[in-house]
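Novice: Mind looking over this structure? Questions follow.
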Amino acid sequence: MTAPATVSSAPAAHRAVRIWLLCVAALVFAMVIVGGATRLTDSGLSITEWKPVTGSIPPLSAADWALEFDKYRASPQYQAINRGMSLGDFQFIYWWEWGHRFLGRLVGAAMLLPWIFFAARGFMSARLAAGTFGIGLLMALQGFVGWLMVASGLKPGMVYVAPLKLMVHLSLACLIFALLVWTALRLMPERRREPVPDIVRRGGIAVLAVLALQIALGALVAGNKAGMRFNDWPLMDGAIIPPMAVLFDKATIGEAFIDSLALVQFNHRLVAYGLLALAVWHMLSARGTVYAKGATVLLGLVTAQAVIGVVTLVLVVPLWAGLLHQGFAVLVLGHALSHVFALTRAPRLQAVPAGRAVPAE
């Protein structure tokens, strides 16, 4: 009698689980795009209640639509910004938010149902099952964080969601995407990798870390709608460095780093320059190694993202440019993860006194 298939003994199981994880990662990517559209169309506060189960059913009658519209008309955003909007305009923003929430439910189902199947069939080791289940728990947490973000925009005096909560929401989405991709990469067939110098390995990790920081800072820019201001480049409102009174225009320094339109955009610009310089240095340090191609592609993607960011800013954030900028950031993250995975799985190159280099034991 043959033993049941396991992750360690059945390459087919590896492949099936890997494809599943990459498909879920693709759905998370789509979720980020739709979330960006929801934000850019100011649709996020159109649904004023959080109903994880019954909320999956949209309004089906004129009476249902009238009830949902009445709830929105009681919100601070409607009173301050959208007073007098038509039912048709409300339906437009409602469908964006409903689609975002529905896609979130779809992502959850795409994670949970195959997980049950693979776990029951013995396709995953206990460690892999626990790790993927943990990713599923993060998805559930993401749904709750999303509601906390929406609830922050429904409080009296608020017309948009809190920027800090938006940053947490987007950062958690990127973390989930990264964990899915990284876990899928670990299920790739093992192969011999060329030794990698420490400077190349550390450089790749540094680019990935700064990229994650830059995405978080971009969420603060988005949450504050700071891209609608200071739309000149390379100067910022005609200056290399805006006056301190403009950058720190809030009651406290901490508040300025989160809520100052000028400072959050200035920080996003500075880290972009630093990320670009770091990617150039990483590419140069990787020359002559088999990892040079990955580093060069990474530099190209970072450069393209910087150009997209400048175009988005100068054009005052049209919908297509804002979505391209946000979505492309996740694509850069995906390549950076793949590149760093290869660097961290390779043996370390250690120099010897004679000037030759051999792999570390």
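Ligands are numbered from 1 in the order shown, chains are lettered A, B, ... in the order of the structure tokens, and residues start at 1 in each chain.
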Residues within 7 Å of range 183-190 of chain A, please, as an mmCIF file with N, CA, C and O atoms, in the first residue's frame. Count only C-alpha atoms; anything in the same chain fewer than 4 positions from it doesn't count.

Specialist:
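Output file around-v7.cif is given in full below:
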data_model
loop_
_atom_site.group_PDB
_atom_site.id
_atom_site.type_symbol
_atom_site.label_atom_id
_atom_site.label_comp_id
_atom_site.auth_asym_id
_atom_site.auth_seq_id
_atom_site.Cartn_x
_atom_site.Cartn_y
_atom_site.Cartn_z
ATOM 1 N N HIS A 14 3.600 19.969 -4.312
ATOM 2 C CA HIS A 14 4.310 21.251 -4.272
ATOM 3 C C HIS A 14 3.747 22.198 -5.321
ATOM 4 O O HIS A 14 3.449 23.358 -5.045
ATOM 5 N N ARG A 18 1.684 25.609 -4.734
ATOM 6 C CA ARG A 18 2.352 26.824 -5.212
ATOM 7 C C ARG A 18 1.434 27.621 -6.145
ATOM 8 O O ARG A 18 1.320 28.852 -6.023
ATOM 9 N N LEU A 21 -1.267 29.385 -4.107
ATOM 10 C CA LEU A 21 -0.790 30.570 -3.393
ATOM 11 C C LEU A 21 -0.557 31.738 -4.346
ATOM 12 O O LEU A 21 -0.869 32.895 -4.016
ATOM 13 N N LEU A 22 -0.032 31.459 -5.528
ATOM 14 C CA LEU A 22 0.200 32.531 -6.497
ATOM 15 C C LEU A 22 -1.117 33.090 -7.033
ATOM 16 O O LEU A 22 -1.227 34.297 -7.299
ATOM 17 N N LEU A 179 3.931 37.456 1.891
ATOM 18 C CA LEU A 179 3.962 36.129 2.514
ATOM 19 C C LEU A 179 3.476 35.058 1.551
ATOM 20 O O LEU A 179 4.022 33.942 1.524
#

Novice: Determine, counting only C-alpha atoms, which protein, DNA and RNA residues have an atom within 7 Å of an atom of Leu275 in chain A; residues of the same chain fewer than 5 positions away are not included. Present the result as a list of chain:residue names.

Specialist: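 These residues fall inside the cut-off: A:Val207, A:Val210, A:Leu211.
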
Novice: Hey, what's within 10 Å of Met111 in chain A if we count only C-alpha atoms and toss same-chain stuff fewer than 3 positions away? As a list in words, please?

Specialist: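 That gives Trp20, Leu21, Cys23, Val24, Ala25, Arg105, Leu106, Val107, Gly108, Pro114, Trp115, Ile116, Thr132, Phe133, Ile135, Gly136 and Met139 of chain A.
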
Novice: Using C-alpha atoms, can you export the residues from the last selection as a compact mmCIF listing (two decimals), in the first residue's frame?

Specialist:
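again_24.txt was written with the following content:
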# COMPACT_ATOMS: atom_id res chain seq x y z
CA TRP A 20 -2.88 28.11 -5.38
CA LEU A 21 -0.79 30.57 -3.39
CA CYS A 23 -3.43 32.73 -7.61
CA VAL A 24 -4.42 34.11 -4.21
CA ALA A 25 -1.52 36.58 -4.46
CA ARG A 105 -14.69 38.00 0.64
CA LEU A 106 -13.60 36.24 -2.56
CA VAL A 107 -9.95 36.39 -1.47
CA GLY A 108 -10.92 34.88 1.89
CA PRO A 114 -8.38 25.19 -1.04
CA TRP A 115 -6.56 25.18 2.31
CA ILE A 116 -9.15 22.75 3.68
CA THR A 132 -0.72 29.24 5.37
CA PHE A 133 -3.43 29.18 8.03
CA ILE A 135 -1.78 34.01 6.38
CA GLY A 136 -5.51 33.34 6.37
CA MET A 139 -6.59 38.20 5.89

Novice: Mind checking which residues fall within 7 Å of range 148-160 of chain A, counting only C-alpha atoms, ignoring those fewer than 3 positions away in the same chain, and posting them as a ChimeraX atom specification?

Specialist: /A:44-45,75-77,144-145,165-166

Novice: Given the selection you just returned, output its residues as a file containing N, CA and C atoms, formatted as a CSV table (one decimal), in the first residue's frame.

Specialist:
chain,number,residue,atom,x,y,z
A,44,GLY,N,-15.1,55.1,-0.5
A,44,GLY,CA,-14.8,54.2,0.7
A,44,GLY,C,-15.8,54.3,1.8
A,45,LEU,N,-16.5,55.5,1.9
A,45,LEU,CA,-17.4,55.8,3.0
A,45,LEU,C,-18.9,55.6,2.6
A,75,SER,N,-24.1,60.7,6.9
A,75,SER,CA,-22.6,60.7,7.2
A,75,SER,C,-22.0,62.1,7.1
A,76,PRO,N,-20.9,62.4,7.8
A,76,PRO,CA,-20.2,63.7,7.7
A,76,PRO,C,-19.8,64.0,6.3
A,77,GLN,N,-19.3,63.0,5.6
A,77,GLN,CA,-18.8,63.2,4.2
A,77,GLN,C,-19.9,63.8,3.3
A,144,PHE,N,-11.0,43.3,9.3
A,144,PHE,CA,-11.3,44.1,10.4
A,144,PHE,C,-10.7,45.5,10.4
A,145,VAL,N,-9.4,45.5,10.0
A,145,VAL,CA,-8.7,46.8,9.9
A,145,VAL,C,-9.3,47.7,8.9
A,165,LYS,N,-4.6,54.9,9.5
A,165,LYS,CA,-5.3,53.7,9.3
A,165,LYS,C,-5.2,53.2,7.9
A,166,LEU,N,-5.2,54.1,7.0
A,166,LEU,CA,-5.0,53.7,5.6
A,166,LEU,C,-3.6,53.1,5.3

Novice: Any idea what's packed within 10 Å of Val330 in chain A, counting only C-alpha atoms, ignoring anything in its chain fewer than 6 positions away? Could you give it as JSON, numbers by chain?

Specialist: {"A": [28, 29, 32, 33, 173, 174, 177, 178, 211, 212, 215, 336]}

Novice: Just how far from CA of His282 in chain A is CA of Gly203 in chain A, in Å to one decimal?

Specialist: 5.3 Å

Novice: I need the alpha helix (DSSP H) residues of range 169-302 of chain A per DSSP on the backbone, written as an MDAnalysis selection string.

Specialist: chainID A and resid 169:186 198:224 244:247 253:259 261:285 292:302

Novice: What gap, in Å, lies between CA of Ile253 in chain A and CA of Ile241 in chain A?

Specialist: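 Between these atoms lies a distance of 17.1 Å.
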
Novice: Find, counting only C-alpha atoms, the residue in A:Val181, A:Leu270, A:Leu261, A:Ala286 that gets nearest to Ala222 in chain A.

Specialist: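 Closest to Ala222 in chain A, using only C-alpha atoms: A:Leu261.
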
Novice: For CA of Ile205 in chain A and CA of Gln305 in chain A, quote the distance in Å rounded to one decimal.

Specialist: 18.7 Å

Novice: Might you pull out every residue within 10 Å of Ser260 in chain A, with only C-alpha atoms counted and same-chain residues fewer than 2 positions away left off, and present them as a count of residues only?

Specialist: 20

Novice: Counting only C-alpha atoms, which residue out of A:Pro195, A:Leu112, A:Gly131, A:Leu180 sits closest to Pro347 in chain A?

Specialist: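 Of the candidates, the smallest distance to Pro347 in chain A is held by A:Pro195.
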
Novice: Out of A:Leu137, A:Ala10, A:Ala219, A:Val53, which residue has the shortest atom-to-atom distance to Ala162 in chain A when counting only C-alpha atoms?

Specialist: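 Among the listed residues, the smallest separation from Ala162 in chain A belongs to A:Ala219.
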
Novice: With only C-alpha atoms as the atoms that count, which of A:Glu97, A:Glu49, A:Asp259, A:Asp42 lies nearest to Leu164 in chain A?

Specialist: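 Of the candidates, the smallest distance to Leu164 in chain A is held by A:Asp259.
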
Novice: Which residues come within 10 Å of range 289-294 of chain A, counting only C-alpha atoms, excluding same-chain residues fewer than 6 positions away, as a PDB file with C-alpha atoms, in the first residue's frame?

Specialist:
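Wrote it out as result.pdb, contents follow:
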ATOM      1  CA  ARG A 193      22.634  28.401  -6.732  1.00  0.00           C
ATOM      2  CA  GLU A 194      25.860  30.277  -7.336  1.00  0.00           C
ATOM      3  CA  PRO A 195      27.525  31.788  -4.253  1.00  0.00           C
ATOM      4  CA  VAL A 196      26.568  35.395  -3.536  1.00  0.00           C
ATOM      5  CA  PRO A 197      28.845  38.058  -1.988  1.00  0.00           C
ATOM      6  CA  VAL A 200      25.049  41.853  -2.838  1.00  0.00           C
ATOM      7  CA  ARG A 201      22.868  39.922  -0.413  1.00  0.00           C
ATOM      8  CA  GLY A 204      19.081  43.363  -2.043  1.00  0.00           C
ATOM      9  CA  HIS A 282      22.964  47.328  -5.603  1.00  0.00           C
ATOM     10  CA  MET A 283      23.054  46.886  -9.373  1.00  0.00           C
ATOM     11  CA  GLY A 300      14.616  49.337 -13.993  1.00  0.00           C
ATOM     12  CA  HIS A 335      10.191  41.189  -8.158  1.00  0.00           C
ATOM     13  CA  ALA A 336      12.141  42.428  -5.139  1.00  0.00           C
ATOM     14  CA  SER A 338      11.859  36.994  -5.847  1.00  0.00           C
ATOM     15  CA  HIS A 339      15.302  38.599  -6.152  1.00  0.00           C
ATOM     16  CA  VAL A 340      15.935  38.617  -2.395  1.00  0.00           C
ATOM     17  CA  ALA A 342      17.359  33.942  -4.608  1.00  0.00           C
ATOM     18  CA  LEU A 343      20.027  35.920  -2.739  1.00  0.00           C
TER      19      LEU A 343
END
